[in-house]
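Comments concern the structure below.
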Amino acid sequence: MDAIRGTAKAELTAPVEAFLADLHARVSKVTGGSPADYIPELGKVDPSLFGIAIATVDGQIYEVGDTDVPFTIQSVSKPFMYGHALQRHGRPTVLKHVGVEPTGEAFNSIVLDEVANRPFNPMVNAGAIAVAEMMPGDTQEQRIGNMLDLFSSLAGRRLGIDEAVFRSELETGHRNRAIAYMMLNTAMIERDPNEVLDLYFRQCSVNVSCCDLAIMAATLANDGTNPLTGKAVFDAQYVRDMLTVMNSCGMYDYAGEWAYEVGMPAKSGVSGCIIAVMPGQIGICVYSPPIDTQGNSVRGIRVCQEISSEFELHAFNNRTNVRSVVRRDYRADLVRSNRLRTLEERNLLATEGHKVAVLEAQGALFFGSTEQLLRKTSALAADSRYVVVDFKRVHQADTSACKLIVRAAKSMEGSAAELVFASLAEDDRLDPLVRALAESQHGHRVRQFRDADAALEWCEDQLLAGANFNHGTKFAVSEINLFKGLSPGECRLVESVIRPLVFERGDVIMREGDEAKLFFVLARGTVSVQIKVHGKGNRKKRVARSAPASPSARWRCWTAAAAPPTSSPMSG
Ligand SMILES: NC(=O)CC[C@H](N)C(=O)O
C-alpha cells in the first residue's frame, strides 16, 4: 500500500499528512508484543500490518499505511454497545448492571464489585457481557441484527461478522463463559449465558478497517453524530458517559499511564487496534496486531503518544481563552446606526450617544466565557442607559450559558440600564438561548432586534424621543441624500417645483392602483410597504404607510407635481 493513499507525492503539502507519513515510517520500526493468539484465529494475522487514520468532526480523513485491511473490532466494540444501552435504557437501569469504576485488573478478570456484585465497568469483559445482554430484540437473530445495525451506522457503511474469528472465540472462550455463569449466579445476567456470549463474541468479531474505527471515534468527537453520514447515533449526554468511562477504563490496567502520557479517552482491542477521541476535534485509529501483556497494541500506544504530543491534544492542555468572548465594545456617540438623521439629531446624538453601549460577543458561550461576557455587560451598564449585546458572532450557547443569561436579564430588571439583545436569530445553534429567554418571564422583557443596527437605531430613537426639535417643513434640499452633489442653482430649481407634505405616524401615503401623479422624496422618517391580503381571492394589495418610527418623528416628504407626459421626467 502506498505510504499515502490517493495523494500524489508532489501534493504532500498538507501538514497532517506529512506528519502521519513520517510518524508511520518511524513507528514501523518499533518492535515488541505479539498478536493475541489466545484466540487462535487472531494469532494467524500478519504482525507487520500497520495503519493510522484520523477523521475530523466534519468527515475529513487522513490515513497512512494499512488502513483498508479488515480486522475484528474486539473490545473497541464495548464503548459503543455501552452507549447503545444508555441510549435505550437510560443511566439508572444500566448502572444496575454495570458500574463505572476502573478495576486496575486485567480486562478478562473474573471479579465483580462488592457494591452490588456488579461488573466494575463496561470496558472489561464482565461489564461488556452484562451490557451485551441489554441489546434489545425478541430473538437472538434480532439482537444480532440490531448490533450490526449499530456498528454499520457508526461506520457509515454495512458491516459484517468475521465468522472464522467468531468460531475461534466461541470454541476457546472458556474464561468468558466462567464470567458469564458467575454473573448468572449473581443475577447480573438473566438469560442463558451461552446466548449472551454468542452476541458478545459476535460483536467482538465485527469486521472493520482503520478508517471505519477513525470515523466511529470521530462520531464520539462529534457529539454522537456520524461526520460522514450526518446521522445522529448517540445523544451527546451519553457520548459524555462513554468518553468518561473510556478515559478511566478504556486501556485497562494501563489506563493511568495512558491518561498521563496521551490524555485522550481511548479504547483498545486485542486484534491490535486502538481508538482515541479528542472531543470537538478528531477521532484516531491505529491498527498494528502485536499487543503487550495488558492487551494494548504496542505501536498503537506509541502512535497515540506522538499524535497527542505533536498536536497538543492532551485533554488537560488548556486551549480556552474565555476573555476572547468580548470582540469589542463601543458607544453610540461614536458609532451611529445607518438611519438618516437631521443635523439637530446628529448633534444631539453626539452629546447623548455615550448613554448607549454596544458589546459584540463571539465564539462559544459556556460558563467561563458567559461569566466574562456578563461581567463586561455589567461594567458597561454602570454608566449606560442601554446596553446592546450583539450575538452575531456567537455560534453556541450551552445550558449553563442560557441559565446565566436569563438570570442576568432578571437581575437587570428595574435597573437604570436596559439590556437589549441583537442577532439572536442569526444562528439556529442559539435557539436554546432564544427558547430560554422566551420561557422565562424575565426574558420577555429583554428587547430583541434582528441585528445590532436595528437595536442601535431603536436606542437612538429613545434618546431623541425627549428632544423637542423645531422640525419646520422647510429645510435644505441639499440635506437629502438623493440631491447630494447638486449645485446651489440646481437645488433652487428643485425647491421651486416641490412642496412639503407631512404625514403622521401610521398614515397611508399611497395604495397600489392609485393614479401615479406624484413623485415622492422621503426627507425624514421611514416608510413601510405593507402587503395586505384581501378577499377570497387572496389578492394582495400593496400599501405604503409611514412607518411607526419614534414618537417625535413624523413622516415628511416633498412631492413634485407629476410632470405632464410630454415634459422631461423630474430630475433628481
Ligand atoms: N481486550 C479485548 O479486545 C478482548 C476482547 C475479546 N473478545 C475477549 O473477550 O477476550
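Identifiers in the C-alpha cells: chain A, B, ... in order shown; residue index from 1 per chain; ligand index from 1 in order shown.
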Shell around A:Arg240 at 12 Å using only C-alpha atoms, local window under 2 positions removed, as a CSV table (one decimal) with N, CA and C atoms, in the first residue's frame:
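Listing of out.csv after writing:
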chain,number,residue,atom,x,y,z
A,79,PRO,N,-17.4,0.3,24.1
A,79,PRO,CA,-18.0,1.6,24.4
A,79,PRO,C,-19.2,1.9,23.6
A,82,TYR,N,-22.1,0.0,25.0
A,82,TYR,CA,-22.4,0.7,26.3
A,82,TYR,C,-23.3,1.9,26.0
A,83,GLY,N,-22.9,2.7,25.0
A,83,GLY,CA,-23.6,3.9,24.6
A,83,GLY,C,-25.0,3.5,24.1
A,86,LEU,N,-27.2,2.8,27.1
A,86,LEU,CA,-27.6,4.0,27.8
A,86,LEU,C,-28.7,4.7,27.0
A,87,GLN,N,-28.5,4.7,25.7
A,87,GLN,CA,-29.5,5.4,24.8
A,87,GLN,C,-30.8,4.7,24.9
A,91,ARG,N,-29.5,5.8,32.1
A,91,ARG,CA,-28.4,5.6,33.1
A,91,ARG,C,-28.8,4.7,34.2
A,220,LEU,N,-17.9,10.0,18.1
A,220,LEU,CA,-17.9,10.4,19.5
A,220,LEU,C,-17.4,11.8,19.7
A,221,ALA,N,-16.4,12.2,18.9
A,221,ALA,CA,-15.8,13.5,19.0
A,221,ALA,C,-16.9,14.6,18.5
A,222,ASN,N,-17.8,14.1,17.7
A,222,ASN,CA,-18.8,15.0,17.1
A,222,ASN,C,-20.2,14.9,17.8
A,223,ASP,N,-20.1,14.7,19.1
A,223,ASP,CA,-21.3,14.6,20.0
A,223,ASP,C,-22.3,13.6,19.6
A,224,GLY,N,-21.8,12.5,19.0
A,224,GLY,CA,-22.7,11.3,18.7
A,224,GLY,C,-23.2,11.3,17.3
A,234,PHE,N,-25.8,8.7,18.8
A,234,PHE,CA,-26.0,8.8,20.3
A,234,PHE,C,-26.3,10.2,20.7
A,235,ASP,N,-27.1,10.4,21.8
A,235,ASP,CA,-27.3,11.7,22.4
A,235,ASP,C,-26.0,12.1,23.0
A,236,ALA,N,-25.8,13.4,23.0
A,236,ALA,CA,-24.5,14.0,23.5
A,236,ALA,C,-24.3,13.6,24.9
A,237,GLN,N,-25.4,13.5,25.7
A,237,GLN,CA,-25.2,13.2,27.1
A,237,GLN,C,-24.6,11.8,27.3
A,238,TYR,N,-24.9,10.9,26.4
A,238,TYR,CA,-24.4,9.5,26.6
A,238,TYR,C,-23.0,9.4,26.0
A,242,MET,N,-19.8,7.8,27.7
A,242,MET,CA,-18.9,6.8,27.0
A,242,MET,C,-17.5,7.3,27.1
A,243,LEU,N,-17.3,8.5,26.9
A,243,LEU,CA,-15.9,9.1,26.9
A,243,LEU,C,-15.3,9.0,28.3
A,244,THR,N,-16.2,9.3,29.3
A,244,THR,CA,-15.7,9.3,30.7
A,244,THR,C,-15.2,7.9,31.0
A,245,VAL,N,-16.0,6.9,30.7
A,245,VAL,CA,-15.5,5.5,31.0
A,245,VAL,C,-14.4,5.1,30.2
A,246,MET,N,-14.3,5.5,28.9
A,246,MET,CA,-13.2,5.2,28.1
A,246,MET,C,-11.9,5.8,28.7
A,247,ASN,N,-12.1,7.0,29.2
A,247,ASN,CA,-10.9,7.8,29.8
A,247,ASN,C,-10.4,7.1,31.0
A,265,PRO,N,-9.6,10.1,25.8
A,265,PRO,CA,-10.4,8.9,26.0
A,265,PRO,C,-10.1,7.9,24.9
A,277,VAL,N,-10.1,9.6,21.2
A,277,VAL,CA,-11.1,10.7,20.8
A,277,VAL,C,-10.7,12.0,21.4
A,278,MET,N,-10.6,13.0,20.5
A,278,MET,CA,-10.5,14.4,21.1
A,278,MET,C,-11.8,15.1,20.8
A,279,PRO,N,-12.6,15.3,21.9
A,279,PRO,CA,-13.9,15.8,21.7
A,279,PRO,C,-13.9,17.2,20.9
A,280,GLY,N,-14.8,17.3,20.0
A,280,GLY,CA,-14.9,18.5,19.2
A,280,GLY,C,-13.9,18.6,18.1
Could you list, as a list in words, all residues that come within 8 Å of ligand 1? Count only C-alpha atoms and all ligand atoms.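 Using only C-alpha atoms and all ligand atoms, everything at most 8 Å from ligand 1 comes to Ile39, Ile73, Gln74, Ser75, Val76, Phe107, Asn108, Val124, Asn125, Glu169, Gly173, Asn176, Tyr200, Phe201, Cys204, Ser205, Ser268, Gly269, Val270, Ser271, Gly295 and Asn296 of chain A.
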Kindly indicate which residue among A:Ala106, A:Leu518, A:Met188, A:Met135 lies nearest to A:Ala255, using only C-alpha atoms for the distances.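 Among the listed residues, A:Ala106 lies closest to A:Ala255.
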Find the residues around A:Val131 up to 7 Å (only C-alpha atoms counted), leave out those fewer than 2 positions away in its own chain, and share them as a VMD selection string. chain A and resid 81 to 82 85 122 127 to 129 133 to 134
6 Å contact set for A:Gly250, only C-alpha atoms, chain neighbours under 5 positions out, as JSON, numbers by chain: {"A": [123, 266, 267]}
Those in stretch 327-482 of chain A with helix (DSSP H, G or I) from DSSP, as a count of residues only: 79
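The nearest approach to A:Ala467 among the residues A:Glu195, A:Ser297, A:Arg346, A:His174, with only C-alpha atoms taken into account, belongs to A:Arg346.
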So that I can see what lies close to A:Ile282, please list as a PyMOL selection string the residues with an atom at most 12 Å from it, counting only C-alpha atoms and leaving out residues fewer than 2 positions away in the same chain. chain A and resi 53-62+213-223+226-227+264-265+275-280+284-285+307-308+311+313
Counting only C-alpha atoms, figure out which residue out of A:Arg177, A:Cys210, A:Pro40, A:Tyr260 gets nearest to A:Gly283. A:Cys210
